[in-house]
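Q: Structure in structure tokens, see below.
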Amino acid sequence: MMTTPKIIIVGTGKVAYRLGKRLKTKGLPISQVFGRNPEHAETLATELNCRWTTNTDNLLPDADWVLLAVSDDAIEQVAAQLADALPLALVTHTSGATPGHVLAPFFRRCGVFYPLQSFTKERQPVWSKIPFCVDASSPEDVLFLKKMAKVVGNLVYKVDDQQRATLHVAAVFANNFTNHCFSIAEKILEEADLPYEMLHPLMEETLAKAITDSPAKMQTGPAVRGDKDTIERHLTLLNQHPEWKKIYALISEDILRNK
């Protein structure tokens with residue numbers, strides 16, 4: 001039987017909220033929330049039924065695991081702030097883009113606990129489908145993080161810094177860039193007084209095919225057909241939006257090169 005670890009969550013944003021709620025639900029209660037903003041820290045701590053603080057002097061000195069769920073550009077700064085207060089704990093950040101070794105100057109035990117998902121407070125994650133990428137400075141801590149990830153979700157991978165950086169780039173293409181294209185499509189339809197819902201079945205079909213087979217094999221549209229007349233007509237329609245026209249042209253050229 002695994003002893004329940006004493007967990008501190010550092011940060012009060014979407015990742016902190018979702019991971020904190022999930023850990024609590026799975027029998028791994030959060031012992032403390034640490035945040036810069038007292039109101040946000042208290043709000044999250046109330047949700048998680050735990051204590052909170054904005055002062056490093058009040059951090060639990062016997063914490064076992066610290067989840068550093070802060071923005072990428074704040075990780076090193078916050079780590080330096082916490083170093084003296086948490087000399088014995090395993091400290092892990094939750095970033096996909098930041099190397100785990102950035103924590104090494106501050107903590108003897110450090111690592112990464114990265115859920116590959118885009119979180120919001122409005123949508124409930126399907127935890128069993130979320131890949132968790134873990135790594136740590138010792139085999140014992142890797143094993144601990146794997147156990148924690150198995151409790152929280154189902155899909156667990158030991159991923160080093162270089163692999164995780166590559167994975168994050170791929171995720172930006174698959175998620176952030178795709179969503180931006182959805183946003184452009186929505187605005188184009190708004191200008192034509194057409195409902196965005198008309199695209200929903202097509203979007204669902206595109207994702208379903210990309211999941212069940214290689215996206216390259218599933219590619220459709222004027223670019224993969226080499227239909228230059230249609231492409232030119234589309235580019236003309238986008239004359240009033242030169243930024244979107246440039247995106248359309250660049251993606252079409254890349255599809256043509258790789259067909």
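Residues are referred to by chain and number: the chain letter is A, B, ... according to the order shown in the structure tokens, the number counts from 1 in that chain, and ligands are numbered separately from 1 in the order shown.
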Write out as number ranges by chain each polymer residue whose atoms come within 10 Å of region 219-225 of chain A, counting only C-alpha atoms; drop sequence neighbours fewer than 3 positions from it.

A: A: 206, 209-210, 214-216, 228-231, 234, 249, 251-259

Q: Export, as a CSV table (one decimal), in the first residue's frame, the selected residues with C-alpha atoms.

A:
```
chain,number,residue,atom,x,y,z
A,206,THR,CA,-11.4,15.5,-40.5
A,209,LYS,CA,-9.9,10.3,-40.2
A,210,ALA,CA,-6.6,11.9,-38.8
A,214,SER,CA,-2.1,8.7,-41.3
A,215,PRO,CA,-3.1,12.4,-41.8
A,216,ALA,CA,-0.9,12.6,-44.9
A,228,LYS,CA,-4.3,25.8,-59.1
A,229,ASP,CA,-7.4,27.5,-60.4
A,230,THR,CA,-9.4,26.9,-57.2
A,231,ILE,CA,-6.4,28.0,-55.1
A,234,HIS,CA,-9.6,31.4,-52.9
A,249,ALA,CA,-0.7,30.3,-49.6
A,251,ILE,CA,0.0,25.9,-46.2
A,252,SER,CA,-1.1,25.2,-49.8
A,253,GLU,CA,2.5,25.3,-51.0
A,254,ASP,CA,3.6,22.9,-48.3
A,255,ILE,CA,0.8,20.5,-49.1
A,256,LEU,CA,1.9,20.6,-52.8
A,257,ARG,CA,5.5,19.9,-51.9
A,258,ASN,CA,4.6,16.9,-49.8
A,259,LYS,CA,1.8,15.3,-51.8
```

Q: Residues within 9 Å of Val159 (chain A), please, as a ChimeraX atom specification. Count only C-alpha atoms; anything in the same chain fewer than 4 positions from it doesn't count.

A: /A:133-135,163-164

Q: Fewer than 2 positions away in the same chain doesn't count, so skip those; otherwise give me all residues within 10 Å of Gln32 (chain A), counting only C-alpha atoms, as a tab-separated table (two decimals) with N, CA and C atoms, in the first residue's frame.

A:
```
chain	number	residue	atom	x	y	z
A	6	LYS	N	2.44	13.98	0.86
A	6	LYS	CA	2.01	15.34	1.20
A	6	LYS	C	2.35	16.23	0.01
A	7	ILE	N	1.31	16.79	-0.63
A	7	ILE	CA	1.46	17.48	-1.92
A	7	ILE	C	1.21	18.97	-1.79
A	8	ILE	N	2.09	19.76	-2.38
A	8	ILE	CA	1.89	21.21	-2.49
A	8	ILE	C	1.71	21.53	-3.97
A	9	ILE	N	0.71	22.34	-4.28
A	9	ILE	CA	0.56	22.87	-5.64
A	9	ILE	C	0.99	24.33	-5.63
A	10	VAL	N	1.91	24.65	-6.53
A	10	VAL	CA	2.38	26.03	-6.69
A	10	VAL	C	1.77	26.57	-7.97
A	29	PRO	N	-5.12	13.90	-1.67
A	29	PRO	CA	-5.49	15.28	-1.33
A	29	PRO	C	-4.30	16.23	-1.35
A	30	ILE	N	-4.58	17.45	-1.74
A	30	ILE	CA	-3.56	18.50	-1.73
A	30	ILE	C	-3.43	19.04	-0.31
A	34	PHE	N	0.23	27.23	-2.91
A	34	PHE	CA	1.07	28.42	-2.83
A	34	PHE	C	0.87	29.25	-4.09
A	41	ALA	N	-5.19	32.18	-4.59
A	41	ALA	CA	-4.71	31.06	-3.78
A	41	ALA	C	-5.79	30.57	-2.84
A	44	LEU	N	-8.60	28.64	-4.84
A	44	LEU	CA	-8.23	27.27	-5.21
A	44	LEU	C	-8.15	26.38	-3.97
A	45	ALA	N	-7.58	26.89	-2.89
A	45	ALA	CA	-7.47	26.11	-1.66
A	45	ALA	C	-8.85	25.74	-1.12
A	48	LEU	N	-10.07	22.86	-3.03
A	48	LEU	CA	-9.33	21.64	-2.73
A	48	LEU	C	-9.37	21.28	-1.25
A	49	ASN	N	-10.02	22.12	-0.46
A	49	ASN	CA	-10.16	21.88	0.98
A	49	ASN	C	-8.80	21.72	1.66
A	50	CYS	N	-7.94	22.71	1.42
A	50	CYS	CA	-6.60	22.64	2.02
A	50	CYS	C	-6.16	24.04	2.44
A	51	ARG	N	-5.03	24.12	3.09
A	51	ARG	CA	-4.50	25.41	3.50
A	51	ARG	C	-3.82	26.11	2.31
A	52	TRP	N	-3.53	27.39	2.47
A	52	TRP	CA	-2.89	28.15	1.39
A	52	TRP	C	-1.96	29.20	1.98
A	53	THR	N	-1.04	29.67	1.15
A	53	THR	CA	-0.13	30.72	1.59
A	53	THR	C	0.45	31.44	0.39
A	58	ASN	N	5.92	30.01	5.14
A	58	ASN	CA	4.80	29.20	5.65
A	58	ASN	C	4.60	27.90	4.88
A	59	LEU	N	5.49	27.62	3.93
A	59	LEU	CA	5.37	26.37	3.18
A	59	LEU	C	5.64	25.18	4.08
A	60	LEU	N	4.96	24.07	3.83
A	60	LEU	CA	5.12	22.87	4.64
A	60	LEU	C	6.52	22.28	4.41
A	63	ALA	N	6.90	18.54	2.97
A	63	ALA	CA	6.19	18.15	1.74
A	63	ALA	C	6.97	17.06	1.01
A	66	VAL	N	6.04	18.53	-4.84
A	66	VAL	CA	5.61	19.88	-5.18
A	66	VAL	C	5.36	19.95	-6.68
```

Q: What is the distance between CA of Ala174 (chain A) and CA of Ala208 (chain A), in Å to one decimal?

A: 13.4 Å

Q: Using only C-alpha atoms, pick whichever of A:Leu67, A:Ala80, A:Leu116, A:Leu250 has the shortest atom-to-atom distance to Val172 (chain A).

A: A:Leu116

Q: One decimal, in Å: what's the spacing between CA of Gly111 (chain A) and CA of Leu90 (chain A)?

A: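 Interatomic distance here is 7.5 Å.
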
Q: Could you check the closest approach to Lys21 (chain A) for each of A:Asn239, A:Glu122, A:Ala136, A:Glu47 and tell me which residue wins, using only C-alpha atoms?

A: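 For Lys21 (chain A), the nearest of the given residues is A:Glu47.
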
Q: Can you pull out every residue within 12 Å of region 137-140 of chain A, counting only C-alpha atoms, but drop anything in the same chain fewer than 6 positions away, and send it as a short mmCIF file (atom, residue, chain, number, x, y, z; two decimals) with C-alpha atoms, in the first residue's frame?

A:
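Once everything was written out, this is around_38.cif:
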```cif
data_model
loop_
_atom_site.label_atom_id
_atom_site.label_comp_id
_atom_site.auth_asym_id
_atom_site.auth_seq_id
_atom_site.Cartn_x
_atom_site.Cartn_y
_atom_site.Cartn_z
CA LEU A 90 10.52 16.19 -5.16
CA VAL A 91 9.75 19.31 -7.22
CA THR A 92 8.28 18.87 -10.70
CA GLY A 100 13.43 19.54 -16.52
CA HIS A 101 17.07 20.39 -15.78
CA VAL A 102 16.18 24.06 -15.16
CA LEU A 103 15.11 22.94 -11.67
CA ALA A 104 18.41 21.19 -10.90
CA PRO A 105 20.24 24.28 -9.54
CA PHE A 107 16.44 21.25 -5.85
CA ARG A 108 18.27 17.98 -5.19
CA ARG A 109 15.19 16.05 -6.38
CA CYS A 110 13.47 17.43 -9.46
CA GLY A 111 11.61 16.37 -12.57
CA VAL A 112 8.67 16.84 -14.90
CA LYS A 146 4.75 6.98 -12.95
CA LYS A 147 2.63 5.73 -10.04
CA LYS A 158 8.95 8.21 -19.61
CA ASP A 160 13.29 12.96 -21.71
CA ASP A 161 13.78 16.71 -22.29
#
```

Q: May I ask which of the residues A:Thr178, A:Thr12, A:Gln124, A:Thr166 is the closest one to Leu68 (chain A), counting only C-alpha atoms?

A: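 Among the listed residues, the smallest separation from Leu68 (chain A) belongs to A:Thr12.
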
Q: Going by DSSP on the backbone, which residues of region 131-254 of chain A come out as strand (DSSP E)? List them as a PyMOL selection string.

A: chain A and resi 131-136+155-158

Q: Figure out the distance between CA of Thr3 (chain A) and CA of Val78 (chain A), please, to one decimal in Å.

A: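 For CA of Val78 (chain A) relative to CA of Thr3 (chain A), the distance reads 27.9 Å.
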
Q: Give me the residues near Pro125 (chain A) as a PyMOL selection string, where near means some atom within 12 Å (using only C-alpha atoms) and where sequence neighbours in that chain fewer than 5 positions away do not count.

A: chain A and resi 14-15+17-19+21-22+115-120+130-131+152-153

Q: Just list as a ChimeraX atom specification whatever in region 89-210 of chain A DSSP marks as helix (DSSP H, G or I).

A: /A:100-103,127-129,139-152,161-191,196-210

Q: Counting only C-alpha atoms, which residue out of A:Phe113, A:Trp65, A:Trp127, A:Trp244 sits closest to Ser183 (chain A)?

A: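 Residue with the minimum atom-to-atom distance to Ser183 (chain A): A:Trp244.
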